[in-house]
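J.: Sharing protein26.pdb, PDB, C-alpha atoms:
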```pdb
MODEL        1
ATOM      1  CA  MET A  99     -13.922  18.273 -29.113
ATOM      2  CA  GLN A 100     -12.105  19.364 -32.262
ATOM      3  CA  MET A 101     -11.174  22.702 -30.663
ATOM      4  CA  LEU A 102      -9.664  20.931 -27.637
ATOM      5  CA  PHE A 103      -7.591  18.739 -29.926
ATOM      6  CA  ILE A 104      -6.334  21.804 -31.828
ATOM      7  CA  VAL A 105      -5.494  23.745 -28.658
ATOM      8  CA  GLY A 106      -3.823  20.703 -27.081
ATOM      9  CA  ARG A 107      -1.788  19.999 -30.202
ATOM     10  CA  VAL A 108      -0.589  23.614 -30.413
ATOM     11  CA  LEU A 109       0.250  23.844 -26.708
ATOM     12  CA  PHE A 110       2.087  20.528 -26.862
ATOM     13  CA  VAL A 111       4.484  21.619 -29.608
ATOM     14  CA  VAL A 112       5.414  24.919 -27.934
ATOM     15  CA  ILE A 113       8.417  23.220 -26.303
ATOM     16  CA  PHE A 114       9.712  22.091 -29.713
ATOM     17  CA  LEU A 115       9.091  25.505 -31.287
ATOM     18  CA  PHE A 116      10.991  27.419 -28.606
ATOM     19  CA  SER A 117      13.785  24.874 -28.352
ATOM     20  CA  GLY A 118      14.266  24.744 -32.128
ATOM     21  CA  ALA A 119      14.218  28.537 -32.461
ATOM     22  CA  GLU A 120      16.711  28.873 -29.614
ATOM     23  CA  LYS A 121      19.090  26.433 -31.302
ATOM     24  CA  LEU A 122      18.863  28.303 -34.604
ATOM     25  CA  MET A 123      19.419  31.686 -32.932
ATOM     26  CA  ASP A 124      22.562  30.403 -31.176
ATOM     27  CA  VAL A 125      24.128  27.871 -33.537
ATOM     28  CA  ALA A 126      27.602  28.413 -32.058
ATOM     29  CA  GLY A 127      26.377  27.803 -28.502
ATOM     30  CA  THR A 128      24.395  24.735 -29.524
ATOM     31  CA  ALA A 129      27.394  23.398 -31.468
ATOM     32  CA  ALA A 130      29.561  23.869 -28.370
ATOM     33  CA  VAL A 131      27.158  21.666 -26.406
ATOM     34  CA  ILE A 132      27.010  19.059 -29.189
ATOM     35  CA  ALA A 133      30.762  18.831 -29.881
ATOM     36  CA  PRO A 134      31.853  16.928 -26.739
ATOM     37  CA  LYS A 135      28.804  14.642 -26.745
ATOM     38  CA  VAL A 136      28.505  13.446 -30.356
ATOM     39  CA  THR A 137      31.269  11.872 -32.413
ATOM     40  CA  VAL A 138      31.083  10.938 -36.060
ATOM     41  CA  PRO A 139      31.367   7.156 -36.544
ATOM     42  CA  GLU A 140      34.468   6.007 -38.428
ATOM     43  CA  ALA A 141      32.374   4.752 -41.348
ATOM     44  CA  LEU A 142      30.884   8.226 -41.876
ATOM     45  CA  ARG A 143      33.993  10.345 -41.362
ATOM     46  CA  GLY A 144      34.723  10.637 -45.084
ATOM     47  CA  ILE A 145      31.219  11.816 -45.864
ATOM     48  CA  ALA A 146      31.272  14.178 -42.878
ATOM     49  CA  ALA A 147      34.550  15.679 -44.109
ATOM     50  CA  GLN A 148      33.050  16.244 -47.562
ATOM     51  CA  VAL A 149      29.942  17.889 -46.098
ATOM     52  CA  GLU A 150      32.082  20.064 -43.820
ATOM     53  CA  SER A 151      34.214  21.116 -46.797
ATOM     54  CA  ALA A 152      31.207  21.886 -48.984
ATOM     55  CA  SER A 153      29.333  23.829 -46.296
ATOM     56  CA  GLY A 154      32.269  25.520 -44.575
ATOM     57  CA  MET A 155      30.851  24.431 -41.202
ATOM     58  CA  THR A 156      31.886  21.839 -38.652
ATOM     59  CA  THR A 157      29.811  18.738 -37.982
ATOM     60  CA  PRO A 158      28.583  20.100 -34.614
ATOM     61  CA  GLN A 159      27.438  23.306 -36.329
ATOM     62  CA  LEU A 160      25.584  21.292 -38.974
ATOM     63  CA  LEU A 161      23.999  19.095 -36.294
ATOM     64  CA  ALA A 162      22.935  22.226 -34.393
ATOM     65  CA  ILE A 163      21.188  23.562 -37.490
ATOM     66  CA  ILE A 164      19.611  20.199 -38.307
ATOM     67  CA  SER A 165      18.331  19.732 -34.744
ATOM     68  CA  GLY A 166      16.892  23.256 -34.673
ATOM     69  CA  VAL A 167      15.172  22.776 -38.022
ATOM     70  CA  VAL A 168      13.774  19.371 -37.005
ATOM     71  CA  GLU A 169      12.293  20.774 -33.802
ATOM     72  CA  LEU A 170      10.969  23.990 -35.326
ATOM     73  CA  ALA A 171       9.607  22.494 -38.555
ATOM     74  CA  GLY A 172       8.247  19.395 -36.818
ATOM     75  CA  GLY A 173       6.496  21.517 -34.219
ATOM     76  CA  LEU A 174       5.022  23.901 -36.785
ATOM     77  CA  LEU A 175       3.797  21.110 -39.035
ATOM     78  CA  ILE A 176       2.133  19.303 -36.129
ATOM     79  CA  ALA A 177       0.577  22.581 -34.942
ATOM     80  CA  PHE A 178      -0.859  23.170 -38.421
ATOM     81  CA  ASN A 179      -1.977  19.528 -38.727
ATOM     82  CA  ILE A 180       0.299  18.774 -41.681
ATOM     83  CA  GLY A 181       2.138  15.455 -41.805
ATOM     84  CA  THR A 182       1.276  14.852 -38.164
ATOM     85  CA  ARG A 183       2.230  11.179 -38.064
ATOM     86  CA  ALA A 184       5.517  11.642 -39.942
ATOM     87  CA  MET A 185       6.548  14.680 -37.884
ATOM     88  CA  ALA A 186       5.609  12.954 -34.625
ATOM     89  CA  PHE A 187       7.760   9.971 -35.655
ATOM     90  CA  LEU A 188      10.671  12.263 -36.534
ATOM     91  CA  LEU A 189      10.366  14.035 -33.181
ATOM     92  CA  VAL A 190      10.233  10.662 -31.385
ATOM     93  CA  LEU A 191      13.575   9.746 -32.971
ATOM     94  CA  PHE A 192      14.966  13.194 -32.154
ATOM     95  CA  SER A 193      13.796  12.954 -28.522
ATOM     96  CA  ILE A 194      15.322   9.499 -28.095
ATOM     97  CA  ALA A 195      18.666  10.726 -29.453
ATOM     98  CA  ALA A 196      18.565  13.899 -27.336
ATOM     99  CA  THR A 197      17.822  11.886 -24.214
ATOM    100  CA  TYR A 198      20.564   9.341 -24.888
ATOM    101  CA  TYR A 199      23.310  11.827 -25.758
ATOM    102  CA  PHE A 200      22.473  14.866 -23.632
ATOM    103  CA  HIS A 201      20.525  13.674 -20.589
ATOM    104  CA  ASP A 202      22.498  10.519 -19.786
ATOM    105  CA  PHE A 203      21.833  10.730 -16.038
ATOM    106  CA  TRP A 204      22.973   7.114 -15.653
ATOM    107  CA  ASN A 205      26.549   8.372 -16.165
ATOM    108  CA  MET A 206      26.228  11.294 -13.725
ATOM    109  CA  THR A 207      26.258  11.944  -9.997
ATOM    110  CA  GLY A 208      24.909  14.548  -7.596
ATOM    111  CA  ALA A 209      22.746  17.477  -8.660
ATOM    112  CA  GLU A 210      23.657  16.989 -12.322
ATOM    113  CA  ARG A 211      22.195  13.476 -12.169
ATOM    114  CA  GLY A 212      18.919  14.692 -10.671
ATOM    115  CA  ALA A 213      18.491  17.546 -13.139
ATOM    116  CA  ASN A 214      19.204  15.322 -16.126
ATOM    117  CA  MET A 215      16.916  12.580 -14.836
ATOM    118  CA  ILE A 216      14.089  15.130 -14.818
ATOM    119  CA  HIS A 217      14.945  16.174 -18.394
ATOM    120  CA  ALA A 218      15.081  12.519 -19.460
ATOM    121  CA  LEU A 219      11.690  11.810 -17.872
ATOM    122  CA  LYS A 220      10.265  14.947 -19.536
ATOM    123  CA  ASN A 221      11.499  13.565 -22.859
ATOM    124  CA  VAL A 222       9.923  10.189 -22.119
ATOM    125  CA  SER A 223       6.624  11.992 -21.501
ATOM    126  CA  LEU A 224       7.030  13.917 -24.758
ATOM    127  CA  ILE A 225       7.705  10.655 -26.572
ATOM    128  CA  GLY A 226       4.497   9.242 -25.093
ATOM    129  CA  ALA A 227       2.471  12.211 -26.319
ATOM    130  CA  LEU A 228       4.117  11.982 -29.745
ATOM    131  CA  LEU A 229       3.154   8.301 -29.924
ATOM    132  CA  VAL A 230      -0.446   9.315 -29.174
ATOM    133  CA  LEU A 231      -0.294  11.838 -32.029
ATOM    134  CA  MET A 232       1.160   9.143 -34.287
ATOM    135  CA  SER A 233      -1.732   6.845 -33.471
ATOM    136  CA  LEU A 234      -4.411   9.555 -33.853
ATOM    137  CA  GLY A 235      -2.841  11.292 -36.823
ATOM    138  CA  PRO A 236      -4.343  14.498 -38.143
ATOM    139  CA  TRP A 237      -7.770  15.542 -36.952
ATOM    140  CA  ARG A 238     -10.425  15.374 -39.658
ATOM    141  CA  ARG A 239     -14.053  16.390 -39.509
ATOM    142  CA  ALA A 240     -15.231  12.877 -40.528
ATOM    143  CA  GLU A 241     -13.324  11.420 -37.576
ATOM    144  CA  ALA A 242     -14.975  13.937 -35.262
ATOM    145  CA  ASP A 243     -18.400  12.813 -36.463
ATOM    146  CA  THR A 244     -17.475   9.152 -35.969
ATOM    147  CA  LEU A 245     -16.197   9.803 -32.446
ATOM    148  CA  ARG A 246     -19.391  11.653 -31.543
ATOM    149  CA  ASP A 247     -21.421   8.569 -32.511
ATOM    150  CA  ILE A 248     -19.466   6.347 -30.107
TER     151      ILE A 248
ENDMDL
END
```
Kindly return the structure encoded in the file as structure tokens.
T.:
Amino acid sequence: MQMLFIVGRVLFVVIFLFSGAEKLMDVAGTAAVIAPKVTVPEALRGIAAQVESASGMTTPQLLAIISGVVELAGGLLIAFNIGTRAMAFLLVLFSIAATYYFHDFWNMTGAERGANMIHALKNVSLIGALLVLMSLGPWRRAEADTLRDI
């Protein structure tokens, strides 16, 4: 049973690993997708300007890097059974934001609507699996023994 949990956990995070790596390998392309979809709230514009000045990057570029790191690091940590609950929670928040901002099929028509509805439903399924990981947490040998007794 433990081996199935390990294999399932690793296979599950593959989508986050590839997506995060892709974002980090093409920061400019990812930033170009982010720029028209995400705006900095008025209350945070001053801070965003300071961060942009200090880093020499635009907010969309910074968001591209942050999103890539969240997906890649979150996926790796879940795969290696480290901070499973915290990383699953972080990826739930990330998936909700990604669905809301980038797969807003409710504002689309035609083929674009259908394609984005599928992506949104995929994200809902991912969120469900992440919630399961949050509830189970990391796999421990003592838990395996307890489950065998049930």
J.: Report as a ChimeraX atom specification all protein, DNA and RNA residues lying within 12 Å of stretch 214-228 of chain A, evaluated on all atoms listed in the file, omitting residues in the same chain fewer than 6 positions from it.
T.: /A:106-107,109-114,172-173,176,182-208,234-235
J.: How many Å lie between atom CA of A:Lys121 and atom CA of A:Ser165, rounded to one decimal?
T.: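 One can read the atom CA of A:Lys121 to atom CA of A:Ser165 distance as 7.6 Å.
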J.: Please evaluate the PyMOL selection byres ((chain A and resi 146) around 12) against the structure above and give the resulting residues as a ChimeraX atom specification.
T.: /A:137-145,147-161
J.: Report, in Å with one decimal, the straight-line distance from atom CA of A:Asp124 to atom CA of A:Gly166.
T.: 9.8 Å
J.: For each of A:Met101, A:Val108, A:Ala162, A:Ala213, take the minimum atom-to-atom distance to A:Val131, counting all atoms listed in the file, then give the residue where this is smallest.
T.: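 Selected residue with least distance to A:Val131: A:Ala162.
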J.: Work out how far apart atom CA of A:Val125 and atom CA of A:Leu174 are and give it in Å to one decimal.
T.: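 Atom CA of A:Leu174 lies at a distance of 19.8 Å from atom CA of A:Val125.
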J.: Restricting the calculation to all atoms listed in the file, which member of A:Ile163, A:Val136, A:Gln100, A:Glu210 is positioned closest to A:Ser117?
T.: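 Closest to A:Ser117 of all the choices is A:Ile163.
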J.: Counting all atoms listed in the file, figure out which residue out of A:Pro236, A:Leu115, A:Glu120, A:Thr128 gets nearest to A:Phe178.
T.: A:Pro236
